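Step one of this worksheet: look at the structure below.
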Number of protein chains: 2
Amino acid sequence: MPIFYTPTLNSSSKEITISDTEFKHIKNTLRKKIGDILNLTNGNGLLAECIIKEFSPREIILQIERIDKKEKSHPHIALAFSLLKQHNELIIEKCTELGVYEFFPFFAERNVKTSLSTHQFERLEKVAIAALKQCDSTYLPQIHKPLAFGELLKNLSQNYYPILAWEEELHGLHEVLEHADKDICLIIGPEGGFVKQEVDFAREHSAQIVSLGNHILRTETAAITISANTIFYQLKRNRNFY
Amino acid sequence: MPIFYTPTLNSSSKEITISDTEFKHIKNTLRKKIGDILNLTNGNGLLAECIIKEFSPREIILQIERIDKKEKSHPHIALAFSLLKQHNELIIEKCTELGVYEFFPFFAERNVKTSLSTHQFERLEKVAIAALKQCDSTYLPQIHKPLAFGELLKNLSQNYYPILAWEEELHGLHEVLEHADKDICLIIGPEGGFVKQEVDFAREHSAQIVSLGNHILRTETAAITISANTIFYQLKRNRNFY
């Protein structure tokens with residue numbers, strides 16, 4: 001059963017009103033009726049089991065039966081990725097499913113895409129919400145406004161253990177994951193790859209540089225792969241990693 | 001530089017003629033000229049460095065300067081996946097990039113898609129070739145004709161160590177990978193999941209059943225994730241894993 005995203009849900013909510021797109025999805029697509037059960041999340045760990053109490057022409061009123069809080073495991077996994085000409089939505093969708101906590105889109109020197117419109121940004125947010133609903137997750141990843149690579153790196157290194165994938169590196173991802181002592185930010189470059197100066201700059205800002213193996217991966221494949229592998233590594237340490 | 005797929009290439013080739021789609025790609029898209037260097041593969045490990053010797057209106061003649069053989073590492077990683085209504089191409093593309101050696105599409109009980117036309121099958125082959133070229137790989141994965149799940153399982157278990165992902169299992173992928181004593185076949189079920197009888201049947205045919213973590217993944221995401229994680233595991237043991 002999909003989960004519904006309702007940011008107004010809080011831990012003391014007794015009743016929730018749903019309108020707009022979610023309303024249409026529940027009423028017209030899923031054909032839910034009074035008395036049916038629905039799950040809601042606020043996208044920040046709350047999971048509510050609700051009963052449909054009332055339909056009006058434009059709203060559904062839900063009575064909350066139970067609210068649980070799911071804790072997001074540490075280390076949080078963030079993904080910084082160079083905005084692509086295509087496939088940004090694929091990255092957001094797949095990495096949200098996997099459980100990435102936060103996205104930092106950026107512009108690097110070899111970026112083909114050099115701007116992101118408000119419409120495109122909002123579209124990425126919608127893709128994340130759809131992935132959250134589909135995958136029964138309770139954490140909606142935050143998508144930050146895009147920054148230039150250098151600016152992003154300076155901010156990141158304070159709060160994150162940055163790991164940057166570069167095809168010219170020999171160290172494997174597993175070698176650096178074991179030294180991660182805070183939340184992790186994975187970094188994937190543009191279609192044409194990072195220039196060496198960017199990699200050096202990242203290294204100066206505490207980034208660990210890793211190889212993802214012996215095949216050249218498209219950027220979006222690299223983003224999904226490094227996220228999947230990092231989560232796989234955490235699951236090995238903690239089978240409840242969420 | 002992309003690599004070109006030329007199945008007629010063999011280890012004693014001195015000259016190769018390229019026509020059709022590859023010809024157009026080299027001449028019109030890449031605008032290559034006489035004397036330019038191109039790399040070719042036969043999709044079975046051979047990598048040839050060639051010089052463009054002659055253009056005719058419909059063909060390019062290449063002189064082979066050097067041929068190397070790249071060995072595919074063991075264990076080979078195969079992927080058996082339930083044919084989806086959509087996203088089969090995404091699975092083939094991404095898993096070819098990652099280095100999956102062989103694909104076994106199948107039909108399971110809850111399959112929404114219940115047939116694959118010749119056109120659709122050929123399209124999957126084209127996607128694999130495009131991924132091979134893009135990713136500078138020298139092994140073109142074989143895509144087998146689809147089978148019913150039960151029939152596939154009986155054949156698989158003779159040559160492969162089968163690993164099936166099921167959301168109701170508790171064992172992690174890493175726990176079973178360490179016991180793999182032959183080539184590995186990863187198995188991913190349909191949109192609605194495997195029915196319990198299918199999982200039991202797989203278990204009776206030597207399959208190890210694993211969980212991919214604590215998030216529900218779409219089928220195509222599960223296929224990419226289990227392939228990426230299995231290759232990551234091999235890279236940890238052998239950094240030259242290819």
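Chain lettering (A, B, ...) mirrors the order of the structure tokens, residue numbering begins at 1 for each chain separately, and ligand numbering begins at 1 in order of display.
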Practice problem: Please report as a ChimeraX atom specification which residues of chain A come no farther than 7 Å from chain B, using only C-alpha atoms. | Solution: /A:94,97-99,135-137,174,213-217,221,225,228-229,232,235-236,240-242
Quiz item: Residues at most 7 Å from B:Ile77, counting only C-alpha atoms, excluding those fewer than 4 positions away in the same chain, as a list in words?
Solution: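 Everything that qualifies: Val100, Tyr101, Asp183, Ile184 and Cys185 of chain B.
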Go ahead and write the residues just picked, N, CA and C atoms, as a compact mmCIF listing (two decimals), in the first residue's frame.
```
# COMPACT_ATOMS: atom_id res chain seq x y z
N VAL B 100 27.41 -6.76 -15.87
CA VAL B 100 26.67 -8.03 -15.81
C VAL B 100 26.97 -8.81 -17.10
N TYR B 101 27.18 -10.11 -16.95
CA TYR B 101 27.70 -10.93 -18.04
C TYR B 101 26.60 -11.54 -18.90
N ASP B 183 29.78 -19.26 -10.56
CA ASP B 183 29.24 -18.01 -11.08
C ASP B 183 27.90 -17.72 -10.41
N ILE B 184 27.55 -16.45 -10.36
CA ILE B 184 26.41 -16.02 -9.55
C ILE B 184 25.27 -15.58 -10.46
N CYS B 185 24.07 -16.04 -10.17
CA CYS B 185 22.90 -15.49 -10.86
C CYS B 185 21.97 -14.81 -9.86
```
Exercise. Name all residues at most 9 Å from stretch 37-41 of chain B (count only C-alpha atoms; drop same-chain ones fewer than 5 positions away) and give them as a VMD selection string.
Key: chain B and resid 1 to 7 9 32 46 to 52 62 133 136 to 139
Exercise. Could you check which of A:Ala180, A:Leu153, A:Ile92, A:Leu30 is closest to A:Lys126, using only C-alpha atoms?
Key: A:Ile92
Quiz item: Quick one: DSSP strand (DSSP E) residues in stretch 5-218 of chain B, as a PyMOL selection string?
Solution: chain B and resi 5+15-18+37-41+46-55+60-69+77-82+102-107+142-143+147-148+161-165+184-188+208-210
May I have the selected residues written with C-alpha atoms, as an mmCIF file, in the first residue's frame?
```cif
data_model
loop_
_atom_site.group_PDB
_atom_site.id
_atom_site.type_symbol
_atom_site.label_atom_id
_atom_site.label_comp_id
_atom_site.auth_asym_id
_atom_site.auth_seq_id
_atom_site.Cartn_x
_atom_site.Cartn_y
_atom_site.Cartn_z
ATOM 1 C CA TYR B 5 31.035 -3.227 -31.552
ATOM 2 C CA GLU B 15 41.499 -5.241 -41.521
ATOM 3 C CA ILE B 16 37.839 -4.654 -40.684
ATOM 4 C CA THR B 17 35.053 -3.138 -42.741
ATOM 5 C CA ILE B 18 32.338 -1.200 -40.950
ATOM 6 C CA ILE B 37 42.148 6.066 -34.303
ATOM 7 C CA LEU B 38 39.161 3.933 -33.276
ATOM 8 C CA ASN B 39 38.710 1.141 -30.777
ATOM 9 C CA LEU B 40 36.723 -1.959 -31.629
ATOM 10 C CA THR B 41 35.508 -4.914 -29.627
ATOM 11 C CA LEU B 46 38.858 -8.603 -27.807
ATOM 12 C CA LEU B 47 39.874 -4.960 -27.913
ATOM 13 C CA ALA B 48 41.404 -3.701 -31.156
ATOM 14 C CA GLU B 49 43.086 -0.367 -31.798
ATOM 15 C CA CYS B 50 42.538 0.604 -35.432
ATOM 16 C CA ILE B 51 43.369 3.388 -37.876
ATOM 17 C CA ILE B 52 40.818 4.592 -40.412
ATOM 18 C CA LYS B 53 42.294 3.655 -43.788
ATOM 19 C CA GLU B 54 39.549 4.388 -46.269
ATOM 20 C CA PHE B 55 36.030 5.803 -46.517
ATOM 21 C CA ILE B 60 34.812 2.412 -43.565
ATOM 22 C CA ILE B 61 37.913 0.250 -43.853
ATOM 23 C CA LEU B 62 39.968 0.048 -40.702
ATOM 24 C CA GLN B 63 43.501 -1.232 -40.379
ATOM 25 C CA ILE B 64 44.070 -3.058 -37.116
ATOM 26 C CA GLU B 65 47.178 -1.933 -35.285
ATOM 27 C CA ARG B 66 46.928 -4.029 -32.158
ATOM 28 C CA ILE B 67 44.582 -6.534 -30.538
ATOM 29 C CA ASP B 68 44.390 -7.254 -26.811
ATOM 30 C CA LYS B 69 42.271 -9.792 -25.007
ATOM 31 C CA ILE B 77 27.540 -12.106 -12.558
ATOM 32 C CA ALA B 78 24.292 -12.978 -14.324
ATOM 33 C CA LEU B 79 20.927 -11.332 -13.738
ATOM 34 C CA ALA B 80 17.586 -13.087 -14.056
ATOM 35 C CA PHE B 81 14.754 -10.567 -13.982
ATOM 36 C CA SER B 82 11.029 -10.709 -14.352
ATOM 37 C CA GLU B 102 24.375 -12.501 -18.980
ATOM 38 C CA PHE B 103 20.646 -11.775 -18.687
ATOM 39 C CA PHE B 104 17.840 -14.277 -18.143
ATOM 40 C CA PRO B 105 14.467 -12.527 -18.527
ATOM 41 C CA PHE B 106 11.553 -14.566 -17.193
ATOM 42 C CA PHE B 107 7.829 -14.610 -16.533
ATOM 43 C CA GLN B 142 24.083 -12.348 -23.805
ATOM 44 C CA ILE B 143 20.336 -11.840 -23.414
ATOM 45 C CA LEU B 147 11.403 -18.543 -19.961
ATOM 46 C CA ALA B 148 8.809 -19.349 -17.347
ATOM 47 C CA TYR B 161 24.829 -20.019 -7.489
ATOM 48 C CA PRO B 162 21.343 -18.430 -7.555
ATOM 49 C CA ILE B 163 20.562 -15.526 -5.213
ATOM 50 C CA LEU B 164 16.957 -14.346 -5.105
ATOM 51 C CA ALA B 165 15.881 -11.035 -3.563
ATOM 52 C CA ILE B 184 26.407 -16.018 -9.554
ATOM 53 C CA CYS B 185 22.904 -15.486 -10.864
ATOM 54 C CA LEU B 186 20.950 -12.719 -9.139
ATOM 55 C CA ILE B 187 17.165 -13.046 -9.373
ATOM 56 C CA ILE B 188 14.647 -10.197 -9.180
ATOM 57 C CA GLN B 208 19.759 -18.365 -1.500
ATOM 58 C CA ILE B 209 17.100 -15.863 -0.482
ATOM 59 C CA VAL B 210 18.202 -12.373 0.558
#
```
Quiz item: Expressed in Å to a single decimal, how great is the separation between atom CA of A:Leu152 and atom CA of A:Lys113?
Solution: 16.9 Å
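Between B:Ile129 and the candidates B:Asn42, B:Asn28, B:Ser11, B:Asn155, the tightest atom-to-atom separation, counting only C-alpha atoms, involves B:Asn42.
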Practice problem: May I ask for the distance between atom CA of B:Thr118 and atom CA of B:Ile91, given in Å to one decimal place? | Solution: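 Distance reported for this atom pair: 18.1 Å.
Of note, atom CA of A:Glu109 and atom CA of A:Thr219 are spaced 14.9 Å apart.
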Quiz item: Could you name the residues that touch B:Thr114 at 9 Å or less, counting only C-alpha atoms, but leaving out those on the same chain fewer than 4 positions away, as a count of residues only?
Solution: 5
Practice problem: Pick out each residue of stretch 55-142 of chain B that DSSP on the backbone tags as alpha helix (DSSP H); I need them as a list in words. | Solution: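 The alpha helix (DSSP H) subset of stretch 55-142 of chain B is Asn88, Glu89, Leu90, Ile91, Ile92, Glu93, Lys94, Cys95, Thr96, Glu97, Leu98, Thr118, His119, Gln120, Phe121, Glu122, Arg123, Leu124, Glu125, Lys126, Val127, Ala128, Ile129, Ala130, Ala131, Leu132, Lys133 and Gln134 of chain B.
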Print the selection's residues with N, CA, C and O atoms to a file, as a compact mmCIF listing (two decimals), in the first residue's frame.
```txt
# COMPACT_ATOMS: atom_id res chain seq x y z
N ASN B 88 12.38 -2.42 -18.67
CA ASN B 88 13.30 -3.51 -19.00
C ASN B 88 14.58 -2.96 -19.64
O ASN B 88 15.68 -3.44 -19.38
N GLU B 89 14.41 -1.93 -20.45
CA GLU B 89 15.59 -1.34 -21.12
C GLU B 89 16.52 -0.69 -20.10
O GLU B 89 17.74 -0.76 -20.24
N LEU B 90 15.91 -0.06 -19.09
CA LEU B 90 16.74 0.56 -18.05
C LEU B 90 17.58 -0.50 -17.33
O LEU B 90 18.77 -0.30 -17.05
N ILE B 91 16.98 -1.63 -17.04
CA ILE B 91 17.70 -2.73 -16.38
C ILE B 91 18.86 -3.19 -17.25
O ILE B 91 20.00 -3.32 -16.79
N ILE B 92 18.58 -3.44 -18.54
CA ILE B 92 19.64 -3.92 -19.44
C ILE B 92 20.75 -2.87 -19.57
O ILE B 92 21.94 -3.19 -19.48
N GLU B 93 20.36 -1.62 -19.73
CA GLU B 93 21.36 -0.56 -19.90
C GLU B 93 22.28 -0.45 -18.69
O GLU B 93 23.50 -0.52 -18.80
N LYS B 94 21.67 -0.28 -17.53
CA LYS B 94 22.47 -0.01 -16.33
C LYS B 94 23.29 -1.23 -15.92
O LYS B 94 24.44 -1.10 -15.50
N CYS B 95 22.72 -2.42 -16.04
CA CYS B 95 23.45 -3.61 -15.61
C CYS B 95 24.53 -4.00 -16.61
O CYS B 95 25.55 -4.57 -16.23
N THR B 96 24.35 -3.65 -17.88
CA THR B 96 25.44 -3.83 -18.86
C THR B 96 26.60 -2.91 -18.51
O THR B 96 27.77 -3.32 -18.50
N GLU B 97 26.28 -1.65 -18.20
CA GLU B 97 27.33 -0.72 -17.79
C GLU B 97 28.12 -1.26 -16.60
O GLU B 97 29.34 -1.16 -16.54
N LEU B 98 27.38 -1.83 -15.64
CA LEU B 98 28.02 -2.31 -14.41
C LEU B 98 28.91 -3.53 -14.67
O LEU B 98 29.82 -3.80 -13.91
N THR B 118 9.36 -10.10 -30.74
CA THR B 118 10.69 -10.13 -31.35
C THR B 118 11.27 -8.72 -31.40
O THR B 118 12.45 -8.50 -31.11
N HIS B 119 10.42 -7.77 -31.74
CA HIS B 119 10.88 -6.38 -31.81
C HIS B 119 11.40 -5.90 -30.45
O HIS B 119 12.45 -5.27 -30.35
N GLN B 120 10.65 -6.23 -29.40
CA GLN B 120 11.06 -5.81 -28.05
C GLN B 120 12.37 -6.49 -27.64
O GLN B 120 13.23 -5.88 -27.00
N PHE B 121 12.49 -7.76 -28.01
CA PHE B 121 13.72 -8.50 -27.69
C PHE B 121 14.92 -7.88 -28.40
O PHE B 121 15.97 -7.64 -27.79
N GLU B 122 14.74 -7.57 -29.68
CA GLU B 122 15.84 -6.97 -30.45
C GLU B 122 16.21 -5.59 -29.90
O GLU B 122 17.36 -5.18 -29.91
N ARG B 123 15.19 -4.90 -29.42
CA ARG B 123 15.42 -3.58 -28.82
C ARG B 123 16.32 -3.72 -27.57
O ARG B 123 17.22 -2.92 -27.36
N LEU B 124 16.07 -4.76 -26.78
CA LEU B 124 16.92 -4.99 -25.59
C LEU B 124 18.37 -5.25 -26.02
O LEU B 124 19.31 -4.75 -25.39
N GLU B 125 18.54 -6.01 -27.09
CA GLU B 125 19.90 -6.28 -27.59
C GLU B 125 20.59 -4.99 -28.03
O GLU B 125 21.77 -4.79 -27.78
N LYS B 126 19.82 -4.12 -28.69
CA LYS B 126 20.39 -2.83 -29.13
C LYS B 126 20.81 -1.96 -27.93
O LYS B 126 21.83 -1.27 -27.97
N VAL B 127 19.98 -1.99 -26.90
CA VAL B 127 20.30 -1.21 -25.70
C VAL B 127 21.60 -1.71 -25.08
O VAL B 127 22.46 -0.92 -24.64
N ALA B 128 21.78 -3.04 -25.06
CA ALA B 128 23.01 -3.61 -24.50
C ALA B 128 24.23 -3.18 -25.32
O ALA B 128 25.26 -2.80 -24.76
N ILE B 129 24.09 -3.18 -26.64
CA ILE B 129 25.21 -2.75 -27.50
C ILE B 129 25.55 -1.27 -27.26
O ILE B 129 26.70 -0.90 -27.14
N ALA B 130 24.50 -0.46 -27.15
CA ALA B 130 24.73 0.98 -26.91
C ALA B 130 25.45 1.18 -25.57
O ALA B 130 26.36 2.01 -25.46
N ALA B 131 25.05 0.42 -24.57
CA ALA B 131 25.68 0.56 -23.24
C ALA B 131 27.14 0.10 -23.30
O ALA B 131 28.02 0.71 -22.70
N LEU B 132 27.38 -0.97 -24.02
CA LEU B 132 28.75 -1.49 -24.20
C LEU B 132 29.65 -0.42 -24.82
O LEU B 132 30.76 -0.15 -24.34
N LYS B 133 29.15 0.20 -25.88
CA LYS B 133 29.94 1.21 -26.60
C LYS B 133 30.22 2.42 -25.71
O LYS B 133 31.33 2.92 -25.64
N GLN B 134 29.17 2.85 -25.04
CA GLN B 134 29.26 4.04 -24.20
C GLN B 134 30.26 3.83 -23.07
O GLN B 134 30.94 4.76 -22.64
```
